[in-house]
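Just input-v4.txt here, compact mmCIF, C-alpha atoms:
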```
# COMPACT_ATOMS: atom_id res chain seq x y z
CA MET F 1243 82.48 -10.45 18.89
CA THR F 1244 81.80 -7.91 21.64
CA LEU F 1245 79.82 -5.65 19.31
CA PHE F 1246 77.90 -8.67 18.07
CA LEU F 1247 76.92 -9.60 21.64
CA VAL F 1248 75.87 -6.03 22.40
CA ILE F 1249 73.59 -5.98 19.35
CA VAL F 1250 72.05 -9.31 20.33
CA ALA F 1251 71.49 -8.09 23.88
CA LEU F 1252 69.82 -4.90 22.64
CA THR F 1253 67.56 -6.89 20.34
CA ALA F 1254 66.48 -9.18 23.16
CA ALA F 1255 65.96 -6.27 25.57
CA LEU F 1256 64.08 -4.06 23.10
CA PRO F 1257 60.61 -5.56 23.81
CA TRP F 1258 60.78 -4.49 27.49
CA ALA F 1259 61.02 -0.86 26.39
CA ALA F 1260 59.09 -1.04 23.12
CA ALA F 1261 55.98 -2.81 24.46
CA PRO F 1262 54.99 0.06 26.82
CA ALA F 1263 55.75 2.55 24.05
CA ALA F 1264 53.53 0.65 21.62
CA ARG F 1265 50.71 0.63 24.16
CA ARG F 1266 51.08 4.37 24.59
CA LEU F 1267 51.07 4.95 20.84
CA ALA F 1268 47.98 2.78 20.43
CA GLY F 1269 46.18 4.92 22.98
CA LEU F 1270 46.58 7.93 20.69
CA LEU F 1271 45.04 6.19 17.67
CA PRO F 1272 41.52 5.14 16.65
CA PRO F 1273 40.73 1.49 17.52
CA ARG F 1274 41.39 0.03 14.07
CA GLU F 1275 44.77 1.70 13.64
CA ALA F 1276 45.68 0.95 17.27
CA SER F 1277 44.96 -2.75 16.76
CA LEU F 1278 47.12 -2.90 13.66
CA VAL F 1279 49.97 -1.08 15.41
CA LEU F 1280 49.87 -3.46 18.38
CA ALA F 1281 49.71 -6.60 16.23
CA GLY F 1282 52.52 -5.32 14.02
CA ALA F 1283 54.65 -4.42 17.03
CA ALA F 1284 54.10 -7.89 18.49
CA VAL F 1285 55.27 -9.56 15.28
CA GLN F 1286 58.25 -7.23 14.90
CA LEU F 1287 59.46 -7.60 18.49
CA ALA F 1288 58.93 -11.36 18.60
CA GLY F 1289 60.79 -11.72 15.32
CA GLY F 1290 63.69 -9.65 16.64
CA THR F 1291 63.93 -11.80 19.75
CA ALA F 1292 63.97 -14.99 17.71
CA ALA F 1293 66.56 -13.50 15.34
CA ALA F 1294 68.86 -12.65 18.26
CA LEU F 1295 68.68 -16.21 19.61
CA ILE F 1296 69.23 -17.70 16.15
CA ALA F 1297 72.25 -15.46 15.65
CA LEU F 1298 73.81 -16.67 18.92
CA PHE F 1299 73.02 -20.28 18.14
CA HIS F 1300 74.60 -19.97 14.67
CA VAL F 1301 78.07 -19.02 15.86
CA PRO F 1302 79.33 -22.59 16.46
CA VAL F 1303 77.22 -23.78 13.54
CA LEU F 1304 79.06 -21.44 11.22
CA ALA F 1305 82.33 -22.64 12.68
CA GLY F 1306 81.37 -26.17 11.70
CA LEU F 1307 80.36 -25.09 8.20
CA GLU F 1308 83.74 -23.40 7.81
CA HIS F 1309 85.47 -26.58 9.09
CA MET F 1310 87.06 -24.60 11.89
CA ASP F 1311 88.14 -26.18 15.13
CA LEU F 1312 85.58 -25.20 17.78
CA GLY F 1313 88.33 -25.28 20.40
CA ARG F 1314 90.12 -22.47 18.58
CA VAL F 1315 86.90 -20.44 18.48
CA ALA F 1316 86.39 -21.04 22.21
CA ALA F 1317 89.94 -19.89 22.89
CA ASP F 1318 89.22 -16.54 21.22
CA TRP F 1319 85.70 -16.31 22.67
CA PRO F 1320 85.43 -18.51 25.81
CA ALA F 1321 81.68 -17.91 26.20
CA VAL F 1322 80.79 -19.14 22.70
CA VAL F 1323 79.72 -22.66 23.71
CA PRO F 1324 77.65 -21.85 26.83
CA VAL F 1325 76.03 -18.83 25.16
CA SER F 1326 75.15 -20.88 22.10
CA CYS F 1327 73.77 -23.68 24.26
CA VAL F 1328 71.57 -21.26 26.19
CA ALA F 1329 70.31 -19.76 22.92
CA GLY F 1330 69.58 -23.24 21.57
CA VAL F 1331 67.64 -24.21 24.69
CA LEU F 1332 65.61 -21.00 24.56
CA LEU F 1333 64.82 -21.56 20.89
CA ALA F 1334 63.71 -25.11 21.65
CA VAL F 1335 61.51 -23.91 24.50
CA GLN F 1336 59.94 -21.27 22.26
CA ALA F 1337 59.30 -23.83 19.54
CA VAL F 1338 57.61 -26.20 21.98
CA ARG F 1339 55.50 -23.40 23.48
CA LEU F 1340 54.41 -22.26 20.02
CA ALA F 1341 53.49 -25.81 18.98
CA LEU F 1342 51.53 -26.39 22.19
CA ALA F 1343 49.74 -23.06 21.82
CA VAL F 1344 48.71 -23.77 18.24
CA ARG F 1345 47.49 -27.23 19.20
CA ARG F 1346 45.56 -25.89 22.19
CA HIS F 1347 43.93 -23.20 20.10
CA ARG F 1348 42.84 -25.69 17.45
CA VAL F 1349 41.38 -28.03 20.03
CA LEU F 1350 39.50 -25.20 21.71
CA LEU F 1351 38.17 -23.91 18.39
CA SER F 1352 36.97 -27.40 17.44
CA ARG F 1353 35.27 -27.70 20.82
CA ALA F 1354 33.54 -24.36 20.32
CA TRP F 1355 32.25 -25.44 16.93
CA THR F 1356 31.00 -28.66 18.48
CA LEU F 1357 29.04 -26.64 21.03
CA THR F 1358 27.16 -24.88 18.23
CA GLY F 1359 25.67 -28.20 17.16
CA ALA F 1360 23.07 -27.82 19.90
CA GLY F 1361 21.94 -24.44 18.58
CA THR F 1362 19.54 -23.19 15.93
CA ALA F 1363 21.21 -21.72 12.86
CA ASP F 1364 19.86 -18.82 10.81
CA GLY F 1365 22.37 -17.67 8.24
CA ASP F 1366 25.51 -16.62 10.07
CA LEU F 1367 23.69 -16.62 13.44
CA VAL F 1368 23.54 -19.56 15.83
CA VAL F 1369 21.30 -19.36 18.90
CA LEU F 1370 22.22 -21.69 21.75
CA PRO F 1371 19.63 -22.81 24.31
CA GLY F 1372 20.14 -21.99 27.98
CA GLU F 1373 19.92 -19.18 30.50
CA GLU F 1374 23.58 -18.21 30.28
CA ALA F 1375 23.96 -14.73 28.78
CA ASP F 1376 26.77 -14.72 26.26
CA ALA F 1377 27.61 -13.96 22.64
CA PHE F 1378 30.81 -14.43 20.70
CA ALA F 1379 32.30 -14.48 17.21
CA LEU F 1380 33.26 -17.96 16.03
CA PRO F 1381 35.81 -17.71 13.18
CA ARG F 1382 36.09 -19.91 10.09
CA HIS F 1383 37.16 -23.47 10.79
CA ARG F 1384 37.75 -26.40 8.44
CA GLY F 1385 35.90 -24.82 5.54
CA ARG F 1386 32.96 -23.65 7.63
CA ALA F 1387 32.27 -19.92 7.45
CA GLY F 1388 32.48 -17.87 10.61
CA ARG F 1389 29.35 -17.43 12.70
CA VAL F 1390 27.95 -15.28 15.46
CA VAL F 1391 26.91 -17.39 18.44
CA VAL F 1392 24.36 -16.00 20.89
CA THR F 1393 22.63 -17.68 23.82
CA GLU F 1394 18.91 -17.41 24.48
CA GLY F 1395 19.76 -15.85 27.82
CA MET F 1396 21.62 -12.98 26.14
CA LEU F 1397 18.84 -12.35 23.63
CA GLY F 1398 16.31 -12.22 26.43
CA ALA F 1399 18.38 -9.69 28.37
CA LEU F 1400 18.47 -7.16 25.52
CA GLY F 1401 15.89 -5.12 23.68
CA PRO F 1402 15.52 -5.16 19.87
CA SER F 1403 17.88 -2.22 19.22
CA GLU F 1404 20.42 -3.63 21.67
CA ARG F 1405 20.31 -7.00 19.93
CA ALA F 1406 21.13 -5.21 16.69
CA VAL F 1407 24.19 -3.71 18.40
CA LEU F 1408 25.20 -7.13 19.71
CA LEU F 1409 25.01 -8.79 16.30
CA ALA F 1410 26.77 -5.89 14.57
CA HIS F 1411 29.55 -6.04 17.17
CA GLU F 1412 30.22 -9.74 16.67
CA ARG F 1413 29.94 -9.49 12.88
CA ALA F 1414 32.53 -6.72 12.98
CA HIS F 1415 34.90 -9.18 14.67
CA LEU F 1416 34.35 -11.68 11.87
CA ARG F 1417 34.51 -9.14 9.07
CA GLY F 1418 37.73 -7.63 10.41
CA ARG F 1419 39.29 -11.08 11.05
CA HIS F 1420 40.10 -9.93 14.54
CA HIS F 1421 40.85 -13.49 15.63
CA LEU F 1422 43.95 -13.42 13.42
CA LEU F 1423 45.28 -10.27 15.07
CA SER F 1424 44.51 -11.72 18.48
CA GLY F 1425 46.26 -14.94 17.52
CA VAL F 1426 49.36 -13.12 16.32
CA ALA F 1427 49.69 -11.29 19.63
CA ASP F 1428 49.04 -14.44 21.62
CA LEU F 1429 51.72 -16.41 19.80
CA ALA F 1430 54.16 -13.49 20.03
CA ALA F 1431 53.68 -13.52 23.80
CA THR F 1432 55.00 -17.10 23.88
CA VAL F 1433 58.27 -15.84 22.36
CA HIS F 1434 58.96 -12.97 24.78
CA PRO F 1435 57.30 -12.37 28.18
CA ALA F 1436 57.21 -8.59 27.69
CA LEU F 1437 54.77 -9.01 24.80
CA GLY F 1438 51.98 -10.29 27.04
CA ARG F 1439 51.04 -6.67 27.78
CA LEU F 1440 50.58 -6.03 24.06
CA ARG F 1441 48.13 -8.91 23.92
CA GLU F 1442 46.07 -7.37 26.72
CA ALA F 1443 46.05 -3.96 25.04
CA LEU F 1444 45.13 -5.49 21.70
CA GLU F 1445 42.10 -7.23 23.23
CA PHE F 1446 40.76 -3.87 24.39
CA HIS F 1447 41.30 -2.12 21.05
CA LEU F 1448 39.76 -5.00 19.08
CA GLU F 1449 36.64 -4.70 21.23
CA ARG F 1450 36.65 -0.94 20.72
CA TRP F 1451 36.98 -1.49 16.96
CA ALA F 1452 33.88 -3.71 17.01
CA ASP F 1453 32.07 -1.26 19.31
CA GLU F 1454 32.56 1.59 16.84
CA ALA F 1455 31.40 -0.58 13.95
CA ALA F 1456 28.26 -1.51 15.89
CA ALA F 1457 27.56 2.14 16.74
CA ARG F 1458 27.77 3.07 13.07
CA ALA F 1459 25.53 0.13 12.13
CA VAL F 1460 22.69 1.31 14.40
CA ASN F 1461 23.53 5.00 13.90
CA SER F 1462 23.54 5.64 17.66
CA ARG F 1463 26.54 5.70 19.94
CA ARG F 1464 24.33 5.89 23.03
CA THR F 1465 22.37 2.78 22.02
CA ALA F 1466 25.63 0.96 21.44
CA ALA F 1467 26.95 2.02 24.84
CA THR F 1468 23.74 0.86 26.54
CA ALA F 1469 23.87 -2.49 24.77
CA ILE F 1470 27.49 -3.11 25.73
CA ALA F 1471 26.77 -2.28 29.36
CA ARG F 1472 23.65 -4.44 29.55
CA ALA F 1473 25.34 -7.37 27.83
CA ALA F 1474 28.20 -7.20 30.31
CA LEU F 1475 25.86 -7.01 33.30
CA ALA F 1476 23.73 -9.88 32.01
CA GLY F 1477 26.80 -12.03 31.45
CA SER F 1478 28.24 -11.32 34.89
CA ALA F 1479 24.94 -12.25 36.52
CA THR F 1480 24.66 -15.68 34.91
CA SER F 1481 26.76 -18.78 34.55
CA THR F 1482 29.21 -18.80 31.65
CA ALA F 1483 29.45 -22.55 31.18
CA VAL F 1484 29.13 -22.18 27.41
CA SER F 1485 31.77 -19.52 26.85
CA SER F 1486 34.25 -20.77 29.45
CA ALA F 1487 34.77 -23.89 27.37
CA ALA F 1488 35.40 -21.91 24.22
CA PRO F 1489 38.59 -20.37 22.79
CA SER F 1490 39.33 -16.69 22.33
CA GLY F 1491 39.02 -16.14 18.60
CA ALA F 1492 41.14 -18.58 16.65
CA PHE F 1493 43.68 -18.33 19.46
CA ALA F 1494 43.10 -18.33 23.19
CA ARG F 1495 43.59 -15.30 25.37
CA GLY F 1496 43.37 -15.02 29.11
CA GLY F 1497 40.49 -17.19 30.32
CA ASP F 1498 40.22 -19.01 26.97
CA ARG F 1499 37.38 -16.77 25.81
CA LEU F 1500 36.16 -15.84 22.38
CA LEU F 1501 36.03 -12.33 20.99
CA SER F 1502 32.90 -11.26 22.80
CA VAL F 1503 30.80 -8.19 23.46
CA ARG F 1504 31.51 -8.73 27.17
CA THR F 1505 35.32 -8.81 27.09
CA GLY F 1506 37.79 -6.02 27.69
CA PRO F 1507 37.46 -3.20 30.24
CA VAL F 1508 33.73 -2.60 29.72
CA PRO F 1509 33.48 0.74 31.65
CA GLN F 1510 36.18 2.27 29.44
CA ARG F 1511 34.44 1.01 26.32
CA VAL F 1512 31.09 2.44 27.42
CA GLU F 1513 32.71 5.77 28.28
CA ALA F 1514 34.35 5.92 24.86
CA LEU F 1515 31.01 5.26 23.12
CA LEU F 1516 29.36 8.06 25.08
CA GLY F 1517 31.93 10.46 23.64
CA PRO F 1518 32.52 11.54 20.03
CA GLU F 1519 33.68 9.09 17.38
CA PRO F 1520 37.48 8.76 17.54
CA VAL F 1521 39.56 10.28 14.78
CA GLY F 1522 43.25 10.32 14.01
CA PRO F 1523 45.48 12.19 16.48
CA LYS F 1524 46.22 15.83 15.84
CA GLY F 1525 48.99 18.24 16.73
CA ARG F 1526 51.53 17.04 19.27
CA GLY F 1527 49.88 13.62 19.58
CA ALA F 1528 50.25 13.03 15.85
CA ARG F 1529 53.94 13.98 15.95
CA THR F 1530 54.49 11.67 18.92
CA VAL F 1531 52.90 8.74 17.10
CA ALA F 1532 54.82 9.39 13.90
CA LEU F 1533 58.17 9.79 15.63
CA GLY F 1534 57.55 6.73 17.78
CA LEU F 1535 56.68 4.51 14.83
CA ILE F 1536 59.63 5.80 12.80
CA ALA F 1537 61.99 5.25 15.73
CA ALA F 1538 60.73 1.68 16.23
CA VAL F 1539 61.21 0.85 12.55
CA VAL F 1540 64.67 2.43 12.42
CA ILE F 1541 65.88 0.71 15.60
CA SER F 1542 64.61 -2.68 14.43
CA ALA F 1543 66.20 -2.22 11.02
CA VAL F 1544 69.53 -1.16 12.51
CA LEU F 1545 69.59 -4.10 14.89
CA ALA F 1546 68.67 -6.52 12.11
CA LEU F 1547 71.48 -5.14 9.95
CA GLY F 1548 73.80 -5.37 12.93
CA LEU F 1549 73.00 -9.04 13.42
CA ALA F 1550 73.58 -9.75 9.73
CA TYR F 1551 76.87 -7.82 9.83
CA GLY F 1552 77.98 -9.69 12.93
CA LEU F 1553 77.40 -13.06 11.33
CA HIS F 1554 79.16 -11.88 8.17
CA GLU F 1555 82.15 -10.74 10.20
CA TYR F 1556 82.28 -14.08 11.94
CA VAL F 1557 82.41 -15.91 8.61
CA GLU F 1558 85.23 -13.60 7.52
CA TYR F 1559 86.96 -14.30 10.81
CA ALA F 1560 86.57 -18.06 10.59
CA ALA F 1561 87.42 -18.64 6.93
CA PRO F 1562 91.15 -17.68 6.89
CA ARG F 1563 91.79 -19.62 10.09
CA ALA F 1564 90.11 -22.66 8.64
CA ALA F 1565 92.27 -22.36 5.53
CA GLY F 1566 95.43 -22.03 7.63
CA ARG F 1567 94.91 -25.12 9.79
```

Reformat the file's structure so that it appears as structure tokens.
Amino acid sequence: MTLFLVIVALTAALPWAAAPAARRLAGLLPPREASLVLAGAAVQLAGGTAAALIALFHVPVLAGLEHMDLGRVAADWPAVVPVSCVAGVLLAVQAVRLALAVRRHRVLLSRAWTLTGAGTADGDLVVLPGEEADAFALPRHRGRAGRVVVTEGMLGALGPSERAVLLAHERAHLRGRHHLLSGVADLAATVHPALGRLREALEFHLERWADEAAARAVNSRRTAATAIARAALAGSATSTAVSSAAPSGAFARGGDRLLSVRTGPVPQRVEALLGPEPVGPKGRGARTVALGLIAAVVISAVLALGLAYGLHEYVEYAAPRAAGR
């Protein structure tokens, strides 16, 4: 069982090393590809962590299924009961945290939709009264199509071309279903603490994805950069009573905010828009990304096979002893 424990430990420890690597890899990719890499890494690493805990928890369970005396198992592996109990507690904690997170996100999304009742709707656009400067993408909920929500204060702070950027930005969030990617990363962070950094990185790249879509929509990267900067300044100068009560996409992020033109490190986003449109990495950067992704897939696959092999070996170990009782 020593090898089995080593594999479990490696699986549980992998996110601490893989999360920074995934962030680095995402930095070498265009925003869309970076977002997909980060969301995929979050799912993969969270799944590996859960698999490791389930594997530990299953050891005494398999002993019971094989009708083997647990005392005999404990004699061969004294740590089996406490290790399994710890794994069971951690799994229970994760399950409770996931359930609470899903419930919180649904409540916040319902509250955000309720807030739009005070606004004026025009197609997929809802304009809320008030001086607060804010805009956010409100995803589909209970059969209602997603909408772009903008306050009168935000519209008044921007010029016509900048408003076009704002609406294109938020519509890009809806069209790309960015709230789902954000939700995946947020829920993965409840499984393993190391994955919280992936959630932060994903927020930035989702905003960059929408920024690039908006720049293409108005055919001007400089106009898009100006609009993002002005929207951020207008929002920071006014109260955010409307947005502070709203969720972040379908799932809450830090501050319980929606996917908004004002979120993420705004100076970095503006700087990126003032430069050329991002393309796929070339040369050494491309090789680094490819090797990193391949290594992550191979390591995860090997560890998953190792867990399966360990459980198989335990069944083989338990069965003859159960028959010889």

Kindly provide, as a list in words, the polymer residues lying within 10 Å of (27.4, 2.4, 26.5), counting all atoms listed in the file and using the coordinates exactly as they appear in the file.
->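 Counting all atoms listed in the file, I find these residues within 10 Å of (27.4, 2.4, 26.5): Asp1453, Ala1457, Arg1463, Arg1464, Thr1465, Ala1466, Ala1467, Thr1468, Ala1469, Ile1470, Ala1471, Arg1472, Val1508, Pro1509, Gln1510, Arg1511, Val1512, Glu1513, Ala1514, Leu1515, Leu1516 and Gly1517 of chain F.
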
Could you save those same residues with C-alpha atoms as a PDB file, keeping the file's coordinate frame?
```
ATOM      1  CA  ASP F1453      32.070  -1.260  19.310  1.00  0.00           C
ATOM      2  CA  ALA F1457      27.560   2.140  16.740  1.00  0.00           C
ATOM      3  CA  ARG F1463      26.540   5.700  19.940  1.00  0.00           C
ATOM      4  CA  ARG F1464      24.330   5.890  23.030  1.00  0.00           C
ATOM      5  CA  THR F1465      22.370   2.780  22.020  1.00  0.00           C
ATOM      6  CA  ALA F1466      25.630   0.960  21.440  1.00  0.00           C
ATOM      7  CA  ALA F1467      26.950   2.020  24.840  1.00  0.00           C
ATOM      8  CA  THR F1468      23.740   0.860  26.540  1.00  0.00           C
ATOM      9  CA  ALA F1469      23.870  -2.490  24.770  1.00  0.00           C
ATOM     10  CA  ILE F1470      27.490  -3.110  25.730  1.00  0.00           C
ATOM     11  CA  ALA F1471      26.770  -2.280  29.360  1.00  0.00           C
ATOM     12  CA  ARG F1472      23.650  -4.440  29.550  1.00  0.00           C
ATOM     13  CA  VAL F1508      33.730  -2.600  29.720  1.00  0.00           C
ATOM     14  CA  PRO F1509      33.480   0.740  31.650  1.00  0.00           C
ATOM     15  CA  GLN F1510      36.180   2.270  29.440  1.00  0.00           C
ATOM     16  CA  ARG F1511      34.440   1.010  26.320  1.00  0.00           C
ATOM     17  CA  VAL F1512      31.090   2.440  27.420  1.00  0.00           C
ATOM     18  CA  GLU F1513      32.710   5.770  28.280  1.00  0.00           C
ATOM     19  CA  ALA F1514      34.350   5.920  24.860  1.00  0.00           C
ATOM     20  CA  LEU F1515      31.010   5.260  23.120  1.00  0.00           C
ATOM     21  CA  LEU F1516      29.360   8.060  25.080  1.00  0.00           C
ATOM     22  CA  GLY F1517      31.930  10.460  23.640  1.00  0.00           C
TER      23      GLY F1517
END
```

Among listed residues F:Pro1371, F:Glu1445, F:Gly1477, F:Ala1343, nearest Leu1400 (chain F) (using only C-alpha atoms) =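 Once distances to Leu1400 (chain F) are computed over only C-alpha atoms, the minimum belongs to F:Gly1477.
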
One-decimal distance in Å that lies between CA of Ala1283 (chain F) and CA of Leu1267 (chain F) =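 Pair CA of Leu1267 (chain F) / CA of Ala1283 (chain F) returns 10.7 Å.
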
Could you state the separation of CA of Gly1388 (chain F) and CA of Val1349 (chain F) in Å, given to one decimal place?
->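 Interatomic distance, CA of Gly1388 (chain F) to CA of Val1349 (chain F): 16.5 Å.
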
Pick from F:Leu1252, F:Leu1333, F:Ala1430, F:Ala1456, whichever lies nearest to Glu1404 (chain F) using all atoms listed in the file | F:Ala1456

One-decimal distance in Å that lies between CA of Ala1375 (chain F) and CA of Leu1408 (chain F) =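 We find that CA of Leu1408 (chain F) and CA of Ala1375 (chain F) lie 11.9 Å from each other.
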